[in-house]
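What follows is one structure encoded as structure tokens, with my remarks underneath.
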Amino acid sequence: MTTCFGKVNPRRGSSGGEQSPPPRPAYRLPRLTRLAQMLPKRFPDRVEIAAVRAAAERAENGETIDDELRVAGRVMGRREMGKLTFLDLVDRSGRIQLIVEQELELSLGDIVGATGRPGRSRRGEPSLFTSQVELLAKIRKPLPDTFHGVTDRETRYRQRYLDLLMNDESRELAATRTKIVAAVRAYLDGEGFLEVETPILQPRYGGGFAEPFVTHSNELDVDLYLRIADELYLKRLIVGGLEKVYELSKDFRNESISYKHSPEFTQVEWYEAYADYRDTMERAEALVTAAADAAGSSKVTFRGHEIDLSPPWERVKFVEALEAKGVWSRDEAELRAKIEAAGVDTERDRSWSQLADHAYSHFVEPELIQPTIVYDWPIELSPFARTTDEDETLVERFEAVVGGMEFANAFSELNDAEEQAQRFAMQEAEREAGAEESEPGDPDYVEALSYGMPPTGGCGIGIDRLAMVLTGSDAIRDVILFPALRSR
């Protein structure tokens with residue numbers, strides 16, 4: 001016979017006929033499993049605890065209001081007083097006291113539904129005076145310490161469900177990140193951008209200096225790369241006439257893990273035809289302001305620093321910033337000597353561009369605490385940006401830095417196919433010099449540019465890093481619900 005999973009050989013006896021399978025013993029569910037099957041599958045018409053609490057606060061001490069409401073959540077506290085039981089019930093919106101007269105067989109951590117009238121206890125505590133409490137889900141393992149919550153950082157990362165369950169601030173942080181993402185999307189939608197989706201699996205990777213993750217398609221019999229950025233596909237859409245596009249995306253880089261690096265991260269990239277990097281500076285400031293308003297304030301404390309994200313942000317040129325630190329030269333040997341004289345090892349820097357990037361990341365970036373735009377970068381470090389009008393060795397690129405951490409990268413996008421091909425060739429020379437993370441080149445992208453791309457400004461902002469700043473979180477793993485971790 002044939003099934004949807006393939007062919008199955010029937011059981012045959014010695015005579016060649018089919019045999020019936022032996023009868024299966026009757027299976028009896030364990031007692032606890034039978035209990036679970038008896039529990040309700042839904043609890044309709046409930047309202048959030050915050051709304052019930054607000055209704056209860058309108059009552060006088062010892063009184064209730066007439067409305068009967070239904071709530072559901074997790075039991076996080078229990079107290080007995082005579083014939084009354086007091087339960088602390090928690091849902092996503094908050095906490096409320098249940099006053100219960102019926103007998104209960106409940107454990108801390110059980111999930112219950114309750115029906116009753118909002119009011120205040122004799123001592124004035126907003127409460128729900130219940131007429132019915134029913135068990136909805138049974139806890140099988142005891143909760144951690146309900147007073148202190150989950151404090152071990154490793155446990156918080158590896159068992160995020162416990163962290164969220166026990167720590168109010170973790171739930172608030174997760175909700176704030178959602179507000180930040182919603183604000184970013186709302187801002188760009190309101191400015192006329194189209195949200196689009198581009199491939200995660202790509203035959204070529206590009207749009208950044210990074211090592212990719214590699215996988216293989218059995219059907220296509222080809223290796224594919226998890227994207228390191230969305231840039232090249234989004235700019236193909238600009239060529240196609242969509243003019244203003246953005247993507248909120250997951251990207252992947254097979255590199256180090258640190259307080260600000262995660263191999264899987266979220267970013268927003270947008271591209272705007274007929275704009276340049278100065279227009280993009282202002283748009284980045286406006287977008288971050290919208291996100292800060294959603295998170296609560298543009299004035300934040302991040303990694304021990306009081307920071308004001310209100311525009312306009314300070315602006316400084318890349319070359320001038322390095323000159324101020326005494327570590328700028330166009331000569332490779334001289335630049336290496338200056339960096340080493342300042343006590344920094346350059347053994348792993350195999351080219352001038354690696355030295356310049358090392359000098360910037362070591363001497364300049366860590367000291368930029370208030371939001372700062374560093375602009376006009378060396379052409380060797382920016383294969384997709386147009387040159388400045390004043391100096392063809394510099395390009396119209398900027399990075400935005402806050403708290404010593406880069407969180408945005410933007411260009412006046414290079415839109416000439418021939419020049420782009422030359423830039424890819426320049427990057428190939430860097431790769432041959434040992435810079436394995438340099439752009440590998442993309443002939444199809446060059447062909448797309450050959451059909452003409454309007455002047456375009458583009459920017460990428462790391463959502464995880466932005467969330468770190470706006471929530472005052474010291475580590476990127478704090479703002480990612482399920483961060484990548486080493487095996488135990």
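Chain labels A, B, ... are given in the sequence in which chains occur in the structure tokens; within each chain residues are numbered consecutively from 1, and ligands are likewise numbered from 1 in the order shown.
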
### Exercise: Phe398 in chain A partners within 6 Å, only C-alpha atoms, chain neighbours under 2 positions left out, as a list in words
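Those residues are Val374, Tyr375, Asn409 and Ala410 of chain A.
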
### Message
Need the shell around Ala448 in chain A: protein/DNA/RNA residues with any atom at most 9 Å away, counting only C-alpha atoms. Skip same-chain ones fewer than 6 positions apart. Format as a ChimeraX atom specification?
### Response
/A:235-236,239-240,417

Resulting file, chosen residues, C-alpha atoms, as a CSV table (one decimal), in the first residue's frame:
chain,number,residue,atom,x,y,z
A,235,LYS,CA,19.2,49.3,-4.5
A,236,ARG,CA,18.1,47.0,-7.4
A,239,VAL,CA,16.9,51.0,-10.2
A,240,GLY,CA,13.4,49.4,-10.8
A,417,ALA,CA,28.2,50.9,-13.2

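Using only C-alpha atoms, the smallest distance between any of A:Gly62, A:Gly462, A:Pro455, A:Pro23 and Ala275 in chain A comes from A:Pro455.
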
What are the nearest atom pairs, with distances in Å to one decimal, for all residues of range 139-215 of chain A that come at most 9 Å from range 87-95 of chain A, using only C-alpha atoms, set out by chain and rising residue number as CSV?
residue,atom,partner,partner_atom,distance
A:Asp168,CA,A:Gly94,CA,8.7
A:Arg171,CA,A:Arg92,CA,7.5
A:Glu172,CA,A:Arg92,CA,8.9

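The list of residues with at least one atom within 12 Å of range 189-195 of chain A, based on only C-alpha atoms and without residues fewer than 4 positions apart in the same chain, reads Ala182, Ala183, Val184, Arg185, Leu234, Leu237, Ile238, Gly241, Leu242, Glu243, Lys244, Val245, Tyr246, Glu247, Leu248, Ser249, Val268, Glu269, Trp270, Tyr271, Glu272, Ala273, Arg283, Ala286, Leu287 and Ala290 of chain A.
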
Dump as a PDB file, in the first residue's frame, selection limited to C-alpha atoms:
ATOM      1  CA  ALA A 182       6.788  49.995  15.445  1.00  0.00           C
ATOM      2  CA  ALA A 183       7.921  53.637  15.607  1.00  0.00           C
ATOM      3  CA  VAL A 184      10.658  53.047  13.010  1.00  0.00           C
ATOM      4  CA  ARG A 185       8.152  51.426  10.695  1.00  0.00           C
ATOM      5  CA  LEU A 234      17.260  47.211  -2.088  1.00  0.00           C
ATOM      6  CA  LEU A 237      14.609  48.141  -6.403  1.00  0.00           C
ATOM      7  CA  ILE A 238      15.660  51.784  -6.705  1.00  0.00           C
ATOM      8  CA  GLY A 241      11.703  52.684  -9.974  1.00  0.00           C
ATOM      9  CA  LEU A 242      10.361  52.108  -6.447  1.00  0.00           C
ATOM     10  CA  GLU A 243      12.302  55.230  -5.383  1.00  0.00           C
ATOM     11  CA  LYS A 244      11.823  54.990  -1.568  1.00  0.00           C
ATOM     12  CA  VAL A 245      12.169  51.552   0.010  1.00  0.00           C
ATOM     13  CA  TYR A 246      13.080  50.046   3.365  1.00  0.00           C
ATOM     14  CA  GLU A 247      13.408  46.659   4.997  1.00  0.00           C
ATOM     15  CA  LEU A 248      13.334  45.634   8.646  1.00  0.00           C
ATOM     16  CA  SER A 249      15.360  42.487   8.470  1.00  0.00           C
ATOM     17  CA  VAL A 268      16.542  48.658   9.188  1.00  0.00           C
ATOM     18  CA  GLU A 269      17.925  49.778   5.844  1.00  0.00           C
ATOM     19  CA  TRP A 270      16.303  52.438   3.705  1.00  0.00           C
ATOM     20  CA  TYR A 271      17.146  53.926   0.306  1.00  0.00           C
ATOM     21  CA  GLU A 272      15.775  57.177  -1.056  1.00  0.00           C
ATOM     22  CA  ALA A 273      16.135  58.318  -4.654  1.00  0.00           C
ATOM     23  CA  ARG A 283      16.419  61.544   8.197  1.00  0.00           C
ATOM     24  CA  ALA A 286      14.361  62.205  12.716  1.00  0.00           C
ATOM     25  CA  LEU A 287      13.946  58.419  12.757  1.00  0.00           C
ATOM     26  CA  ALA A 290      10.649  59.018  16.659  1.00  0.00           C
TER      27      ALA A 290
END

#### Entry: Contacts of Ser121 in chain A within 8 Å, only C-alpha atoms, excl. fewer than 5 positions in-chain, as an NGL selection string
:A and (61-63 or 126-127)

Based on the selection just made, write N, CA and C atoms of those residues as a JSON list (two decimals), in the first residue's frame.
[["chain", "number", "residue", "atom", "x", "y", "z"],
["A", 61, "ASN", "N", -12.73, 52.24, 49.82],
["A", 61, "ASN", "CA", -12.23, 51.11, 50.60],
["A", 61, "ASN", "C", -13.39, 50.21, 51.06],
["A", 62, "GLY", "N", -13.24, 48.89, 50.83],
["A", 62, "GLY", "CA", -14.24, 47.93, 51.25],
["A", 62, "GLY", "C", -15.44, 47.84, 50.35],
["A", 63, "GLU", "N", -15.44, 48.54, 49.21],
["A", 63, "GLU", "CA", -16.57, 48.53, 48.30],
["A", 63, "GLU", "C", -16.18, 48.00, 46.94],
["A", 126, "PRO", "N", -6.48, 47.81, 45.47],
["A", 126, "PRO", "CA", -7.33, 47.48, 44.32],
["A", 126, "PRO", "C", -7.36, 45.96, 44.11],
["A", 127, "SER", "N", -8.56, 45.42, 43.99],
["A", 127, "SER", "CA", -8.72, 43.96, 43.99],
["A", 127, "SER", "C", -9.86, 43.56, 43.07]]

### Atomic separation - CA of Ile111 in chain A relative to CA of Asp163 in chain A, Å
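These two atoms are separated by 17.0 Å.
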
According to DSSP computed on the backbone, where in range 191-376 of chain A is there strand (DSSP E)? Give the residues as a PDB file with C-alpha atoms, in the first residue's frame.
ATOM      1  CA  LEU A 194       7.578  51.137   0.760  1.00  0.00           C
ATOM      2  CA  GLU A 195       8.395  48.244   3.077  1.00  0.00           C
ATOM      3  CA  LEU A 201      19.513  33.168   1.053  1.00  0.00           C
ATOM      4  CA  GLN A 202      21.717  34.775  -1.580  1.00  0.00           C
ATOM      5  CA  VAL A 214      27.210  29.323   4.203  1.00  0.00           C
ATOM      6  CA  THR A 215      24.508  26.752   3.560  1.00  0.00           C
ATOM      7  CA  HIS A 216      23.615  24.471   0.649  1.00  0.00           C
ATOM      8  CA  SER A 217      20.482  23.997  -1.433  1.00  0.00           C
ATOM      9  CA  VAL A 222      24.473  25.251  -5.006  1.00  0.00           C
ATOM     10  CA  ASP A 223      25.974  26.909  -1.981  1.00  0.00           C
ATOM     11  CA  LEU A 224      24.041  29.913  -0.688  1.00  0.00           C
ATOM     12  CA  TYR A 225      24.909  32.615   1.826  1.00  0.00           C
ATOM     13  CA  LEU A 226      22.807  34.033   4.628  1.00  0.00           C
ATOM     14  CA  LYS A 244      11.823  54.990  -1.568  1.00  0.00           C
ATOM     15  CA  VAL A 245      12.169  51.552   0.010  1.00  0.00           C
ATOM     16  CA  TYR A 246      13.080  50.046   3.365  1.00  0.00           C
ATOM     17  CA  GLU A 247      13.408  46.659   4.997  1.00  0.00           C
ATOM     18  CA  LEU A 248      13.334  45.634   8.646  1.00  0.00           C
ATOM     19  CA  SER A 249      15.360  42.487   8.470  1.00  0.00           C
ATOM     20  CA  LYS A 250      17.344  39.753  10.121  1.00  0.00           C
ATOM     21  CA  ASP A 251      20.952  39.677   8.950  1.00  0.00           C
ATOM     22  CA  PHE A 252      23.739  37.269   9.790  1.00  0.00           C
ATOM     23  CA  GLU A 264      22.131  37.183  14.133  1.00  0.00           C
ATOM     24  CA  PHE A 265      20.914  40.758  14.361  1.00  0.00           C
ATOM     25  CA  THR A 266      18.113  43.061  13.246  1.00  0.00           C
ATOM     26  CA  GLN A 267      18.540  46.229  11.260  1.00  0.00           C
ATOM     27  CA  VAL A 268      16.542  48.658   9.188  1.00  0.00           C
ATOM     28  CA  GLU A 269      17.925  49.778   5.844  1.00  0.00           C
ATOM     29  CA  TRP A 270      16.303  52.438   3.705  1.00  0.00           C
ATOM     30  CA  TYR A 271      17.146  53.926   0.306  1.00  0.00           C
ATOM     31  CA  GLU A 272      15.775  57.177  -1.056  1.00  0.00           C
ATOM     32  CA  ALA A 273      16.135  58.318  -4.654  1.00  0.00           C
ATOM     33  CA  LYS A 299      17.504  61.641  27.203  1.00  0.00           C
ATOM     34  CA  VAL A 300      18.890  58.282  28.310  1.00  0.00           C
ATOM     35  CA  THR A 301      21.584  56.727  30.460  1.00  0.00           C
ATOM     36  CA  PHE A 302      23.749  54.302  28.498  1.00  0.00           C
ATOM     37  CA  HIS A 305      26.820  58.129  30.399  1.00  0.00           C
ATOM     38  CA  GLU A 306      23.990  60.679  30.321  1.00  0.00           C
ATOM     39  CA  ILE A 307      23.121  61.035  26.648  1.00  0.00           C
ATOM     40  CA  ASP A 308      20.818  63.399  24.776  1.00  0.00           C
ATOM     41  CA  GLU A 314      27.561  66.786  16.357  1.00  0.00           C
ATOM     42  CA  ARG A 315      29.378  66.329  13.042  1.00  0.00           C
ATOM     43  CA  VAL A 316      33.090  65.602  12.546  1.00  0.00           C
ATOM     44  CA  LYS A 317      35.121  64.558   9.525  1.00  0.00           C
ATOM     45  CA  THR A 372      28.041  62.124  16.616  1.00  0.00           C
ATOM     46  CA  ILE A 373      28.095  61.811  12.834  1.00  0.00           C
ATOM     47  CA  VAL A 374      31.558  60.956  11.473  1.00  0.00           C
ATOM     48  CA  TYR A 375      31.576  61.705   7.746  1.00  0.00           C
ATOM     49  CA  ASP A 376      33.742  61.775   4.598  1.00  0.00           C
TER      50      ASP A 376
END

### Spatial neighbours of Ala295 in chain A, 9 Å, only C-alpha atoms, chain gap at least 3 places, as a list in words
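Using only C-alpha atoms, the neighbours found are Thr176, Arg177, Lys179, Ile180, Ala183, Ala290, Ala291, Ala292, Ser298, Ala467, Leu470 and Thr471 of chain A.
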
### Counting only C-alpha atoms, the option among A:Ala321, A:Val71, A:Ile65, A:Leu335 closest to Ile49 in chain A
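Of the candidates, the smallest distance to Ile49 in chain A is held by A:Val71.
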
### Task
Between A:Glu101, A:Asp389, A:Glu68, A:Glu432, single out the one closest to Lys83 in chain A, counting only C-alpha atoms.
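Checking each of A:Glu101, A:Asp389, A:Glu68, A:Glu432 against Lys83 in chain A, counting only C-alpha atoms, the winner is A:Glu101.
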
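Across A:Met405, A:Ser256, A:Glu80, A:Glu125, the tightest approach to Glu103 in chain A is made by A:Glu80 when counting only C-alpha atoms.
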
### Message
With only C-alpha atoms as the counted atoms, please give the residues lying no more than 12 Å from Leu355 in chain A, apart from itself and same-chain residues fewer than 5 positions off, as a ChimeraX atom specification.
### Response
/A:322,327-340,344-350,360-363,378,380-381,435

### Distance query Val150 in chain A at most 9 Å, only C-alpha atoms, self and fewer than 2 positions along chain excluded, as a list in words
Pro144, Asp145, Thr146, His148, Asp152, Arg153, Thr155, Arg156, Leu162, Asp163, Leu164, Leu165, Met166 and Asn167 of chain A
